>>> print(open('protein.cif').read())   # mmCIF, C-alpha atoms
data_protein
loop_
_atom_site.label_atom_id
_atom_site.label_comp_id
_atom_site.auth_asym_id
_atom_site.auth_seq_id
_atom_site.Cartn_x
_atom_site.Cartn_y
_atom_site.Cartn_z
CA MET A 152 -100.50 46.31 167.17
CA GLY A 153 -96.96 46.94 168.16
CA ASN A 154 -95.42 50.36 168.58
CA ILE A 155 -93.12 51.53 166.00
CA ASP A 156 -90.58 53.33 168.00
CA GLN A 157 -87.36 53.88 166.38
CA ASP A 158 -84.53 56.05 167.47
CA PHE A 159 -83.47 57.46 164.18
CA GLU A 160 -80.77 59.62 165.65
CA ASN A 161 -78.88 56.69 167.10
CA ILE A 162 -78.88 54.59 163.98
CA LEU A 163 -75.37 54.01 162.84
CA PRO A 164 -74.65 55.18 159.31
CA ALA A 165 -74.35 52.34 156.78
CA GLU A 166 -70.82 51.50 155.84
CA GLU A 167 -69.85 52.80 152.41
CA LYS A 168 -68.81 50.10 150.06
CA PRO A 169 -65.26 50.54 148.85
CA LYS A 170 -65.20 51.91 145.30
CA LYS A 171 -63.78 49.65 142.62
CA LYS A 172 -60.45 50.89 141.46
CA THR A 173 -60.60 51.56 137.69
CA PRO A 174 -57.24 51.51 135.94
CA SER A 175 -56.03 54.90 135.01
CA ARG A 176 -56.00 55.99 131.37
CA LYS A 177 -52.25 55.91 131.29
CA ILE A 178 -52.19 52.24 132.25
CA VAL A 179 -54.80 51.35 129.59
CA PHE A 180 -52.82 53.19 126.97
CA LEU A 181 -49.58 51.49 127.93
CA GLY A 182 -51.27 48.08 127.99
CA GLY A 183 -52.70 48.61 124.53
CA LEU A 184 -49.34 49.70 123.25
CA LEU A 185 -47.74 46.60 124.71
CA LEU A 186 -50.37 44.37 123.12
CA LEU A 187 -49.83 46.01 119.76
CA PHE A 188 -46.10 45.53 120.14
CA PHE A 189 -46.56 41.82 120.81
CA LEU A 190 -48.90 41.49 117.86
CA ILE A 191 -46.36 43.09 115.55
CA LEU A 192 -43.70 40.78 116.94
CA ILE A 193 -45.87 37.72 116.21
CA LEU A 194 -46.57 38.90 112.67
CA ILE A 195 -42.86 39.48 112.02
CA ALA A 196 -42.09 36.00 113.34
CA ILE A 197 -44.71 34.42 111.02
CA PHE A 198 -43.42 36.40 108.06
CA LEU A 199 -39.78 35.42 108.70
CA ASN A 200 -40.75 31.79 109.18
CA LEU A 201 -42.54 31.74 105.83
CA ARG A 202 -39.58 33.31 104.09
CA GLN A 203 -37.20 30.80 105.59
CA ARG A 204 -39.41 27.95 104.45
CA ARG A 205 -39.55 29.30 100.92
CA SER A 206 -35.80 29.71 100.73
CA PHE A 207 -35.42 26.19 102.06
CA PHE A 208 -37.75 24.60 99.54
CA GLY A 209 -36.84 26.97 96.77
CA THR A 210 -39.47 28.72 94.70
CA LEU A 211 -42.90 27.18 94.64
CA PRO A 212 -43.36 24.87 91.69
CA THR A 213 -45.32 26.36 88.81
CA PRO A 214 -46.84 24.20 86.11
CA THR A 215 -44.89 24.49 82.87
CA PRO A 216 -46.65 23.87 79.60
CA THR A 217 -45.49 20.74 77.92
CA PRO A 218 -46.10 20.18 74.26
CA THR A 219 -48.47 17.38 73.55
CA PRO A 220 -47.09 15.10 70.91
CA ILE A 221 -49.04 14.96 67.68
CA LEU A 222 -50.21 11.45 67.17
CA VAL A 223 -49.32 10.32 63.72
CA GLU A 224 -50.10 6.68 63.29
CA GLU A 225 -47.37 5.13 61.30
CA ILE A 226 -48.17 2.43 58.81
CA THR A 227 -46.36 -0.60 60.14
CA ASN A 228 -47.21 -2.94 57.27
CA PRO A 229 -47.25 -0.88 54.10
CA SER A 230 -48.92 -2.16 50.99
CA PHE A 231 -47.57 -2.16 47.48
CA TYR A 232 -49.27 1.23 47.00
CA ALA A 233 -47.58 2.96 49.94
CA THR A 234 -45.01 4.45 47.60
CA ASP A 235 -47.23 4.73 44.53
CA SER A 236 -46.75 8.15 42.93
CA GLY A 237 -50.45 8.50 42.12
CA ILE A 238 -51.51 7.80 45.71
CA LEU A 239 -48.82 10.09 47.11
CA LYS A 240 -49.94 12.87 44.79
CA ILE A 241 -53.55 12.56 45.99
CA GLU A 242 -52.31 12.56 49.59
CA GLU A 243 -50.37 15.75 48.98
CA GLU A 244 -53.37 17.42 47.35
CA LEU A 245 -55.58 16.44 50.28
CA LYS A 246 -53.11 17.99 52.71
CA LYS A 247 -53.23 21.22 50.70
CA ILE A 248 -57.04 21.20 50.73
CA GLU A 249 -57.00 20.56 54.48
CA GLY A 250 -54.82 23.64 54.95
CA GLU A 251 -57.22 25.70 52.83
CA LEU A 252 -60.22 24.36 54.75
CA ASP A 253 -58.62 25.34 58.06
CA SER A 254 -57.67 28.82 56.90
CA THR A 255 -60.98 29.72 55.25
CA ASP A 256 -62.46 32.80 56.86
CA LEU A 257 -66.21 32.29 57.01
CA LYS A 258 -66.92 35.39 59.08
CA GLN A 259 -65.30 37.97 56.80
CA ALA A 260 -65.11 40.47 59.65
CA SER A 261 -62.97 42.87 57.64
CA LEU A 262 -65.73 43.06 55.03
CA SER A 263 -68.62 43.74 57.41
CA PRO A 264 -70.77 46.65 56.22
CA PRO A 265 -69.71 49.98 57.76
CA LEU A 266 -71.83 51.28 60.64
CA LEU A 267 -73.10 54.59 59.32
CA ASP A 268 -75.71 56.93 60.70
CA TRP A 269 -78.21 57.35 57.87
CA GLU A 270 -80.64 59.55 59.72
CA VAL A 271 -80.01 63.26 59.34
CA LYS A 272 -82.47 65.25 61.43
CA PHE A 273 -82.60 68.76 62.89
CA MET B 571 -41.10 61.25 12.86
CA ILE B 572 -43.41 63.71 14.59
CA LYS B 573 -46.04 60.99 14.85
CA LYS B 574 -43.54 58.63 16.49
CA LEU B 575 -42.45 61.30 18.94
CA ALA B 576 -46.05 62.07 19.81
CA LEU B 577 -46.72 58.37 20.37
CA ILE B 578 -43.69 58.02 22.65
CA ILE B 579 -44.76 61.08 24.66
CA LEU B 580 -48.32 59.75 24.88
CA LEU B 581 -47.10 56.33 25.99
CA ASN B 582 -44.84 57.90 28.62
CA PHE B 583 -47.79 59.85 29.87
CA LEU B 584 -50.17 56.90 29.98
CA LEU B 585 -47.78 54.26 31.31
CA PRO B 586 -47.89 55.33 34.98
CA PHE B 587 -51.71 55.19 34.84
CA SER B 588 -51.72 51.69 33.42
CA VAL B 589 -49.30 50.58 36.17
CA LEU B 590 -51.56 52.13 38.78
CA ALA B 591 -54.58 50.37 37.30
CA GLN B 592 -52.76 47.04 37.47
CA ASP B 593 -51.79 47.59 41.09
CA PHE B 594 -55.33 48.29 42.20
CA ASN B 595 -56.43 45.13 43.97
CA PHE B 596 -58.62 44.17 46.91
CA ASN B 597 -56.05 45.14 49.56
CA ARG B 598 -55.63 48.57 48.03
CA ALA B 599 -59.41 49.00 47.76
CA LEU B 600 -59.81 47.91 51.39
CA SER B 601 -57.26 50.49 52.60
CA ASP B 602 -59.06 53.17 50.58
CA TYR B 603 -62.31 52.24 52.26
CA LEU B 604 -60.82 52.12 55.76
CA TYR B 605 -59.23 55.53 55.21
CA ASN B 606 -62.55 57.00 54.11
CA PHE B 607 -64.37 55.36 57.00
CA ASP B 608 -61.96 57.06 59.36
CA LEU B 609 -62.65 60.42 57.70
CA TYR B 610 -66.37 59.78 58.08
CA ARG B 611 -66.01 59.08 61.80
CA GLN B 612 -64.18 62.37 62.31
CA ALA B 613 -66.76 64.26 60.23
CA TYR B 614 -69.56 62.60 62.17
CA GLN B 615 -68.22 63.80 65.52
CA GLU B 616 -68.02 67.35 64.15
CA TYR B 617 -71.56 67.06 62.79
CA VAL B 618 -72.96 65.87 66.14
CA SER B 619 -71.35 68.75 67.99
CA ALA B 620 -72.44 71.34 65.37
CA LYS B 621 -75.99 69.96 65.46
CA GLU B 622 -76.16 70.20 69.26
CA SER B 623 -74.87 73.73 69.20
CA PHE B 624 -77.41 74.78 66.53
CA LEU B 625 -80.33 73.20 68.37
CA GLN B 626 -79.26 74.95 71.55
CA TYR B 627 -78.51 78.47 70.28
CA LYS B 628 -80.47 78.67 67.00
CA THR B 629 -78.24 81.46 65.76
CA LEU B 630 -77.34 82.08 62.13
CA THR B 631 -73.70 81.31 62.80
CA SER B 632 -74.54 77.99 64.40
CA LYS B 633 -76.86 77.18 61.48
CA THR B 634 -74.14 77.93 58.93
CA ASN B 635 -71.73 75.78 60.91
CA ALA B 636 -74.31 72.97 61.13
CA PHE B 637 -74.83 73.17 57.37
CA GLN B 638 -71.09 72.90 56.67
CA LYS B 639 -70.56 70.02 59.06
CA THR B 640 -73.63 68.14 57.80
CA LEU B 641 -72.42 68.55 54.24
CA LYS B 642 -68.97 67.25 55.19
CA MET B 643 -70.43 64.27 57.07
CA THR B 644 -72.94 63.25 54.39
CA GLN B 645 -70.32 63.51 51.67
CA ALA B 646 -67.91 61.42 53.76
CA ARG B 647 -70.72 58.90 54.28
CA ASP B 648 -71.30 58.62 50.52
CA GLU B 649 -67.58 58.24 49.91
CA THR B 650 -67.30 55.53 52.59
CA THR B 651 -70.17 53.58 51.03
CA ARG B 652 -68.75 54.05 47.54
CA THR B 653 -65.25 52.84 48.49
CA TYR B 654 -66.71 49.95 50.50
CA LEU B 655 -68.68 48.80 47.44
CA ILE B 656 -65.50 49.00 45.34
CA ALA B 657 -63.67 46.87 47.92
CA LEU B 658 -66.50 44.32 47.74
CA LYS B 659 -66.29 44.30 43.94
CA MET B 660 -62.54 43.69 44.08
CA LYS B 661 -62.98 40.85 46.58
CA LEU B 662 -65.64 39.26 44.41
CA GLY B 663 -63.35 39.51 41.40
CA GLU B 664 -60.50 37.81 43.24
CA THR B 665 -62.65 35.00 44.67
CA GLU B 666 -62.44 31.65 42.92
CA GLY B 667 -65.46 29.43 42.56
CA ILE B 668 -67.75 32.09 41.07
CA SER B 669 -68.55 31.88 37.38
CA SER B 670 -67.69 34.87 35.18
CA ALA B 671 -71.36 35.24 34.26
CA GLU B 672 -72.27 35.60 37.94
CA LYS B 673 -69.38 37.97 38.51
CA ASN B 674 -70.56 40.14 35.61
CA VAL B 675 -74.08 40.36 37.00
CA PHE B 676 -72.79 41.42 40.43
CA ASN B 677 -70.25 43.81 38.93
CA LEU B 678 -72.98 45.60 37.00
CA LYS B 679 -75.11 45.96 40.12
CA LEU B 680 -72.17 47.13 42.22
CA ASP B 681 -71.06 49.63 39.58
CA ASN B 682 -74.56 51.01 39.46
CA GLU B 683 -74.52 51.58 43.23
CA VAL B 684 -71.00 53.06 43.13
CA ASN B 685 -72.16 55.56 40.50
CA TRP B 686 -75.26 56.45 42.48
CA TYR B 687 -73.25 57.40 45.58
CA PHE B 688 -70.76 59.33 43.45
CA THR B 689 -73.56 61.38 41.83
CA HIS B 690 -75.31 61.83 45.15
CA LYS B 691 -72.15 63.19 46.72
CA GLU B 692 -71.96 65.81 43.95
CA GLU B 693 -75.64 66.65 44.38
CA LEU B 694 -75.12 67.36 48.06
CA SER B 695 -72.82 70.28 47.18
CA SER B 696 -75.66 71.94 45.32
CA ALA B 697 -77.86 72.23 48.43
CA GLY B 698 -78.61 75.88 49.18
CA SER B 699 -79.92 75.53 52.72
CA LEU B 700 -79.78 73.20 55.67
CA GLU B 701 -83.31 72.04 54.94
CA ASP B 702 -82.42 71.19 51.32
CA LEU B 703 -79.33 69.37 52.51
CA VAL B 704 -81.30 67.25 54.99
CA GLU B 705 -83.78 66.34 52.26
CA LEU B 706 -80.98 65.34 49.87
CA ALA B 707 -79.13 63.42 52.58
CA ASN B 708 -82.22 61.38 53.35
CA LYS B 709 -82.32 60.13 49.76
CA ALA B 710 -79.16 58.17 50.59
CA GLU B 711 -80.88 56.55 53.56
CA GLU B 712 -83.73 55.40 51.31
CA ARG B 713 -81.33 54.10 48.68
CA TYR B 714 -79.21 52.25 51.24
CA GLN B 715 -82.17 50.54 52.90
CA GLN B 716 -83.98 49.60 49.70
CA GLN B 717 -81.10 48.54 47.44
CA THR B 718 -77.53 48.94 48.65
CA GLU B 719 -77.82 46.95 51.88
CA ILE B 720 -79.40 43.97 50.11
CA LEU B 721 -76.72 44.04 47.42
CA ILE B 722 -73.97 44.22 50.06
CA TYR B 723 -75.22 41.10 51.85
CA GLN B 724 -75.86 39.27 48.58
CA THR B 725 -72.29 39.98 47.48
CA LEU B 726 -70.84 38.90 50.83
CA HIS B 727 -72.87 35.71 50.59
CA LYS B 728 -71.76 35.10 47.01
CA ILE B 729 -68.11 35.46 48.03
CA LEU B 730 -68.54 32.87 50.79
CA VAL B 731 -70.45 30.45 48.55
CA GLY B 732 -67.73 30.90 45.93
CA LYS B 733 -65.03 29.98 48.44
CA GLU B 734 -66.95 26.90 49.54
CA ASN B 735 -67.75 25.78 46.00
CA ASN B 736 -64.11 26.16 45.07
CA LEU B 737 -63.08 23.87 47.93
CA ALA B 738 -65.83 21.38 47.08
CA GLU B 739 -64.64 21.32 43.49
CA LYS B 740 -61.11 20.51 44.61
CA ILE B 741 -62.39 17.66 46.78
CA ASN B 742 -64.53 16.37 43.91
CA THR B 743 -61.49 16.36 41.64
CA GLN B 744 -59.60 14.25 44.17
CA ILE B 745 -62.59 11.89 44.49
CA ALA B 746 -62.55 11.39 40.72
CA VAL B 747 -58.79 10.72 40.70
CA LEU B 748 -59.09 8.34 43.63
CA LYS B 749 -61.98 6.47 42.00
CA GLU B 750 -59.85 5.88 38.93
CA LYS B 751 -56.98 4.68 41.10
CA LEU B 752 -59.21 2.30 43.04
CA LYS B 753 -60.57 0.94 39.78
CA GLU B 754 -57.01 0.35 38.59
CA ILE B 755 -56.08 -1.43 41.85
CA LYS B 756 -59.23 -3.55 41.68
CA GLU B 757 -58.40 -4.63 38.15
CA ARG B 758 -54.91 -5.65 39.20
CA GLY B 759 -56.35 -7.60 42.08
CA ASP B 760 -53.36 -7.17 44.39
CA LYS B 761 -55.24 -5.23 47.05
CA ASN B 762 -58.72 -5.44 48.52
CA VAL B 763 -60.42 -2.09 47.93
CA SER B 764 -63.94 -2.83 49.23
CA LEU B 765 -63.39 -0.83 52.44
CA ALA B 766 -61.93 2.07 50.49
CA GLU B 767 -64.95 2.01 48.16
CA ARG B 768 -67.33 2.12 51.11
CA TRP B 769 -65.47 5.12 52.51
CA LEU B 770 -65.66 6.78 49.13
CA LEU B 771 -69.44 6.43 49.17
CA GLU B 772 -69.48 8.05 52.60
CA THR B 773 -67.34 10.89 51.26
CA GLU B 774 -69.76 11.49 48.42
CA ASN B 775 -72.58 11.42 50.91
CA ARG B 776 -70.87 14.26 52.85
CA LEU B 777 -70.67 16.27 49.67
CA LEU B 778 -74.38 15.80 49.11
CA ARG B 779 -75.03 17.12 52.59
CA PHE B 780 -72.73 20.02 51.79
CA GLU B 781 -74.83 20.90 48.76
CA GLU B 782 -78.02 20.72 50.82
CA LYS B 783 -76.61 23.22 53.29
CA ILE B 784 -75.50 25.56 50.50
CA LEU B 785 -79.01 25.40 49.07
CA ALA B 786 -80.57 26.11 52.47
CA SER B 787 -78.29 29.10 52.83
CA GLN B 788 -79.26 30.43 49.41
CA GLU B 789 -82.95 30.01 50.20
CA LYS B 790 -82.51 32.07 53.34
CA MET B 791 -80.86 34.83 51.37
CA GLU B 792 -83.81 34.94 48.99
CA ARG B 793 -85.93 36.06 51.93
CA MET B 794 -83.99 39.30 51.98
CA GLU B 795 -85.50 40.64 48.79
CA LYS B 796 -89.00 39.36 49.53
CA GLY B 797 -89.44 40.66 53.06
CA SER B 798 -88.17 44.17 53.46
CA TRP B 799 -89.35 44.30 57.10
CA GLU B 800 -86.88 41.64 58.19
CA ASP B 801 -83.47 42.48 59.58
CA LYS B 802 -81.12 41.92 56.66
CA GLY B 803 -78.08 41.49 58.88
CA GLN B 804 -79.88 38.75 60.80
CA ILE B 805 -80.86 36.91 57.60
CA TYR B 806 -77.24 37.05 56.45
CA LYS B 807 -76.05 35.69 59.79
CA GLU B 808 -78.49 32.78 59.56
CA SER B 809 -77.37 31.90 56.05
CA GLN B 810 -73.77 32.20 57.22
CA LEU B 811 -74.50 29.53 59.83
CA ASN B 812 -75.65 27.18 57.05
CA LEU B 813 -72.40 27.84 55.24
CA GLN B 814 -70.43 27.01 58.37
CA GLU B 815 -72.27 23.69 58.58
CA ALA B 816 -71.55 23.09 54.89
CA HIS B 817 -67.89 23.80 55.62
CA GLN B 818 -67.87 21.12 58.31
CA TYR B 819 -69.14 18.58 55.78
CA LEU B 820 -66.29 19.50 53.47
CA LYS B 821 -63.82 18.98 56.29
CA GLU B 822 -65.31 15.57 57.01
CA ALA B 823 -65.19 14.62 53.33
CA ASN B 824 -61.52 15.55 53.18
CA ARG B 825 -60.79 13.58 56.34
CA TYR B 826 -62.51 10.50 54.88
CA LEU B 827 -60.41 10.77 51.74
CA LYS B 828 -57.28 10.85 53.86
CA GLU B 829 -58.51 7.70 55.60
CA ILE B 830 -58.98 6.02 52.23
CA ILE B 831 -55.41 6.88 51.26
CA ARG B 832 -54.22 5.41 54.53
CA GLU B 833 -56.20 2.26 53.88
CA VAL B 834 -54.77 1.89 50.39
CA LYS B 835 -51.25 2.40 51.72
CA THR B 836 -51.72 -0.37 54.31
CA ALA B 837 -51.32 -4.05 53.41
CA ASP B 838 -54.48 -6.18 53.54
CA GLY B 839 -53.49 -8.30 56.51
CA LYS B 840 -53.56 -5.32 58.91
CA TYR B 841 -57.35 -5.02 59.09
#
>>> encode(input="protein.cif", output="structure tokens")
Amino acid sequence: MGNIDQDFENILPAEEKPKKKTPSRKIVFLGGLLLLFFLILILIAIFLNLRQRRSFFGTLPTPTPTPTPILVEEITNPSFYATDSGILKIEEELKKIEGELDSTDLKQASLSPPLLDWEVKF
Amino acid sequence: MIKKLALIILLNFLLPFSVLAQDFNFNRALSDYLYNFDLYRQAYQEYVSAKESFLQYKTLTSKTNAFQKTLKMTQARDETTRTYLIALKMKLGETEGISSAEKNVFNLKLDNEVNWYFTHKEELSSAGSLEDLVELANKAEERYQQQTEILIYQTLHKILVGKENNLAEKINTQIAVLKEKLKEIKERGDKNVSLAERWLLETENRLLRFEEKILASQEKMERMEKGSWEDKGQIYKESQLNLQEAHQYLKEANRYLKEIIREVKTADGKY
């Protein structure tokens, strides 16, 4: 068993580690401000770039409605009856009926029964 | 001389009334109804608020107010129903495709209802208390559910069927004319009409389908009178669907006829 003799009084004090230097609040604030400034600058640059492009290409193309032609098949080889008054009369009548068929109101919304409260209670 | 003068004065007095009677048509009747419906809506709001106030405070003043507002609302309700029925009657009268016998039957029924609501409105004024008024007002509910509502839907249905029958009749007339024309062409022998004749058969077939749909719609409407527990509005909607299908058949028939005309107008070599 060895002796445990230690001279505590002569032990040299441990060296203190140097404290890490934390940036002061002022520096952090200034840095943040600078970063924000750069960010704003970048956004302005993007915005201006986009505007320039638009003015270069003109306004963006928008689809314009084009009327679809109504297909009316023409009779290329008419018969003897193509100009027959009787046939033309029937054709005219059929067109009239077609108009009536298209305009017939089968819902009669204006004639729907009125919504009335029939229950009177106190 | 005096007689002549009296006649002239009488005629001058009556003339504006006869002009008014002539001017009364469906559009006028519809505006009358819409005006009265608007009055009802206003009266109803007042009634709801007066009722709430009476149920909350139960004071004599609030009861008197509730009585007045209920009277106003129920009378407006009767007037709305009455003017609506008149509008329906006018529409029925102006619709083609309904026989005069059928129109007369409906007119009688509608007039009967119109008179009932007119009398009921007068009766309401005779109510002495709020309780009497409620009892009288509920008579209208019973009448509406048991008779008026059914008649309303039957009339609406009749108007639609009339419109459809009128169109079908016009198509049938053109079929008859076209048949005659095809017969004439066939006799001359200068144009082959076999394709046109086949299309004509198809057209007539569409009209048969049309009639089937009209019949189905009418059968559905018959349910309304038999089963009082069923939703009348729903039955009407279902029969309306049948009429829409019937309408499609009419459109097809008309399109086929146009095709036939086109075929007749084209020389044989084309097809």
>>> resolve_selection(input="protein.cif", expression="the PyMOL selection byres ((chain B and resi 740-744) around 9)", output="PyMOL selection string")
(chain A and resi 241+244-245+248) or (chain B and resi 735-739+745-749+774+777+820+823-824+827)
>>> closest_residue(input="protein.cif", among="B:Gln716, B:Ser787, B:Ser669, B:Thr650", to="chain A", atoms="all atoms listed in the file")
B:Thr650
>>> closest_residue(input="protein.cif", among="B:Ser623, B:Gln804, B:Thr651, B:Gln724", to="chain A", atoms="only C-alpha atoms")
B:Thr651
>>> interface_residues(input="protein.cif", of="chain A", to="chain B", cutoff="9 Å", atoms="all atoms listed in the file", output="compact mmCIF listing (two decimals) with C-alpha atoms, in the frame of the given file")
# COMPACT_ATOMS: atom_id res chain seq x y z
CA ILE A 226 -48.17 2.43 58.81
CA THR A 227 -46.36 -0.60 60.14
CA ASN A 228 -47.21 -2.94 57.27
CA PRO A 229 -47.25 -0.88 54.10
CA SER A 230 -48.92 -2.16 50.99
CA PHE A 231 -47.57 -2.16 47.48
CA TYR A 232 -49.27 1.23 47.00
CA ALA A 233 -47.58 2.96 49.94
CA THR A 234 -45.01 4.45 47.60
CA ASP A 235 -47.23 4.73 44.53
CA GLY A 237 -50.45 8.50 42.12
CA ILE A 238 -51.51 7.80 45.71
CA LEU A 239 -48.82 10.09 47.11
CA ILE A 241 -53.55 12.56 45.99
CA GLU A 242 -52.31 12.56 49.59
CA GLU A 244 -53.37 17.42 47.35
CA LEU A 245 -55.58 16.44 50.28
CA LYS A 246 -53.11 17.99 52.71
CA ILE A 248 -57.04 21.20 50.73
CA GLU A 249 -57.00 20.56 54.48
CA GLU A 251 -57.22 25.70 52.83
CA LEU A 252 -60.22 24.36 54.75
CA ASP A 253 -58.62 25.34 58.06
CA THR A 255 -60.98 29.72 55.25
CA ASP A 256 -62.46 32.80 56.86
CA LEU A 257 -66.21 32.29 57.01
CA LYS A 258 -66.92 35.39 59.08
CA GLN A 259 -65.30 37.97 56.80
CA SER A 261 -62.97 42.87 57.64
CA LEU A 262 -65.73 43.06 55.03
CA SER A 263 -68.62 43.74 57.41
CA PRO A 264 -70.77 46.65 56.22
CA PRO A 265 -69.71 49.98 57.76
CA LEU A 267 -73.10 54.59 59.32
CA ASP A 268 -75.71 56.93 60.70
CA TRP A 269 -78.21 57.35 57.87
CA GLU A 270 -80.64 59.55 59.72
CA VAL A 271 -80.01 63.26 59.34
CA LYS A 272 -82.47 65.25 61.43
CA PHE A 273 -82.60 68.76 62.89
>>> atom_distance(input="protein.cif", atom1="CA of Ile668 in chain B", atom2="CA of Gly732 in chain B")
5.0 Å
>>> atom_distance(input="protein.cif", atom1="CA of Arg652 in chain B", atom2="CA of Asn812 in chain B")
29.3 Å
>>> decode(input="protein.cif", residues="range 751-765 of chain B", atoms="N, CA and C atoms", output="PDB file, in the first residue's frame")
ATOM      1  N   LYS B 751     -96.381  15.126 -99.958  1.00  0.00           N
ATOM      2  CA  LYS B 751     -95.356  15.573-100.916  1.00  0.00           C
ATOM      3  C   LYS B 751     -94.545  14.381-101.410  1.00  0.00           C
ATOM      4  N   LEU B 752     -94.198  13.496-100.491  1.00  0.00           N
ATOM      5  CA  LEU B 752     -93.406  12.320-100.863  1.00  0.00           C
ATOM      6  C   LEU B 752     -94.198  11.412-101.808  1.00  0.00           C
ATOM      7  N   LYS B 753     -95.494  11.338-101.528  1.00  0.00           N
ATOM      8  CA  LYS B 753     -96.375  10.524-102.373  1.00  0.00           C
ATOM      9  C   LYS B 753     -96.381  11.091-103.801  1.00  0.00           C
ATOM     10  N   GLU B 754     -96.466  12.413-103.849  1.00  0.00           N
ATOM     11  CA  GLU B 754     -96.481  13.129-105.137  1.00  0.00           C
ATOM     12  C   GLU B 754     -95.171  12.886-105.915  1.00  0.00           C
ATOM     13  N   ILE B 755     -94.051  12.966-105.185  1.00  0.00           N
ATOM     14  CA  ILE B 755     -92.730  12.763-105.810  1.00  0.00           C
ATOM     15  C   ILE B 755     -92.604  11.321-106.315  1.00  0.00           C
ATOM     16  N   LYS B 756     -93.100  10.395-105.484  1.00  0.00           N
ATOM     17  CA  LYS B 756     -93.030   8.968-105.834  1.00  0.00           C
ATOM     18  C   LYS B 756     -93.821   8.683-107.117  1.00  0.00           C
ATOM     19  N   GLU B 757     -94.974   9.333-107.209  1.00  0.00           N
ATOM     20  CA  GLU B 757     -95.820   9.140-108.390  1.00  0.00           C
ATOM     21  C   GLU B 757     -95.141   9.679-109.646  1.00  0.00           C
ATOM     22  N   ARG B 758     -94.444  10.779-109.479  1.00  0.00           N
ATOM     23  CA  ARG B 758     -93.733  11.365-110.631  1.00  0.00           C
ATOM     24  C   ARG B 758     -92.548  10.491-111.026  1.00  0.00           C
ATOM     25  N   GLY B 759     -91.954   9.883-110.076  1.00  0.00           N
ATOM     26  CA  GLY B 759     -90.842   8.975-110.317  1.00  0.00           C
ATOM     27  C   GLY B 759     -89.520   9.633-110.681  1.00  0.00           C
ATOM     28  N   ASP B 760     -89.373  10.911-110.390  1.00  0.00           N
ATOM     29  CA  ASP B 760     -88.111  11.588-110.719  1.00  0.00           C
ATOM     30  C   ASP B 760     -87.158  11.699-109.535  1.00  0.00           C
ATOM     31  N   LYS B 761     -87.509  11.043-108.452  1.00  0.00           N
ATOM     32  CA  LYS B 761     -86.626  11.088-107.270  1.00  0.00           C
ATOM     33  C   LYS B 761     -86.907   9.876-106.398  1.00  0.00           C
ATOM     34  N   ASN B 762     -85.846   9.245-105.921  1.00  0.00           N
ATOM     35  CA  ASN B 762     -86.018   8.080-105.050  1.00  0.00           C
ATOM     36  C   ASN B 762     -86.338   8.563-103.627  1.00  0.00           C
ATOM     37  N   VAL B 763     -87.493   8.149-103.117  1.00  0.00           N
ATOM     38  CA  VAL B 763     -87.905   8.639-101.800  1.00  0.00           C
ATOM     39  C   VAL B 763     -87.880   7.552-100.717  1.00  0.00           C
ATOM     40  N   SER B 764     -87.286   6.409-101.021  1.00  0.00           N
ATOM     41  CA  SER B 764     -87.321   5.306-100.038  1.00  0.00           C
ATOM     42  C   SER B 764     -86.613   5.680 -98.732  1.00  0.00           C
ATOM     43  N   LEU B 765     -85.483   6.386 -98.838  1.00  0.00           N
ATOM     44  CA  LEU B 765     -84.762   6.800 -97.625  1.00  0.00           C
ATOM     45  C   LEU B 765     -85.597   7.790 -96.816  1.00  0.00           C
TER      46      LEU B 765
END
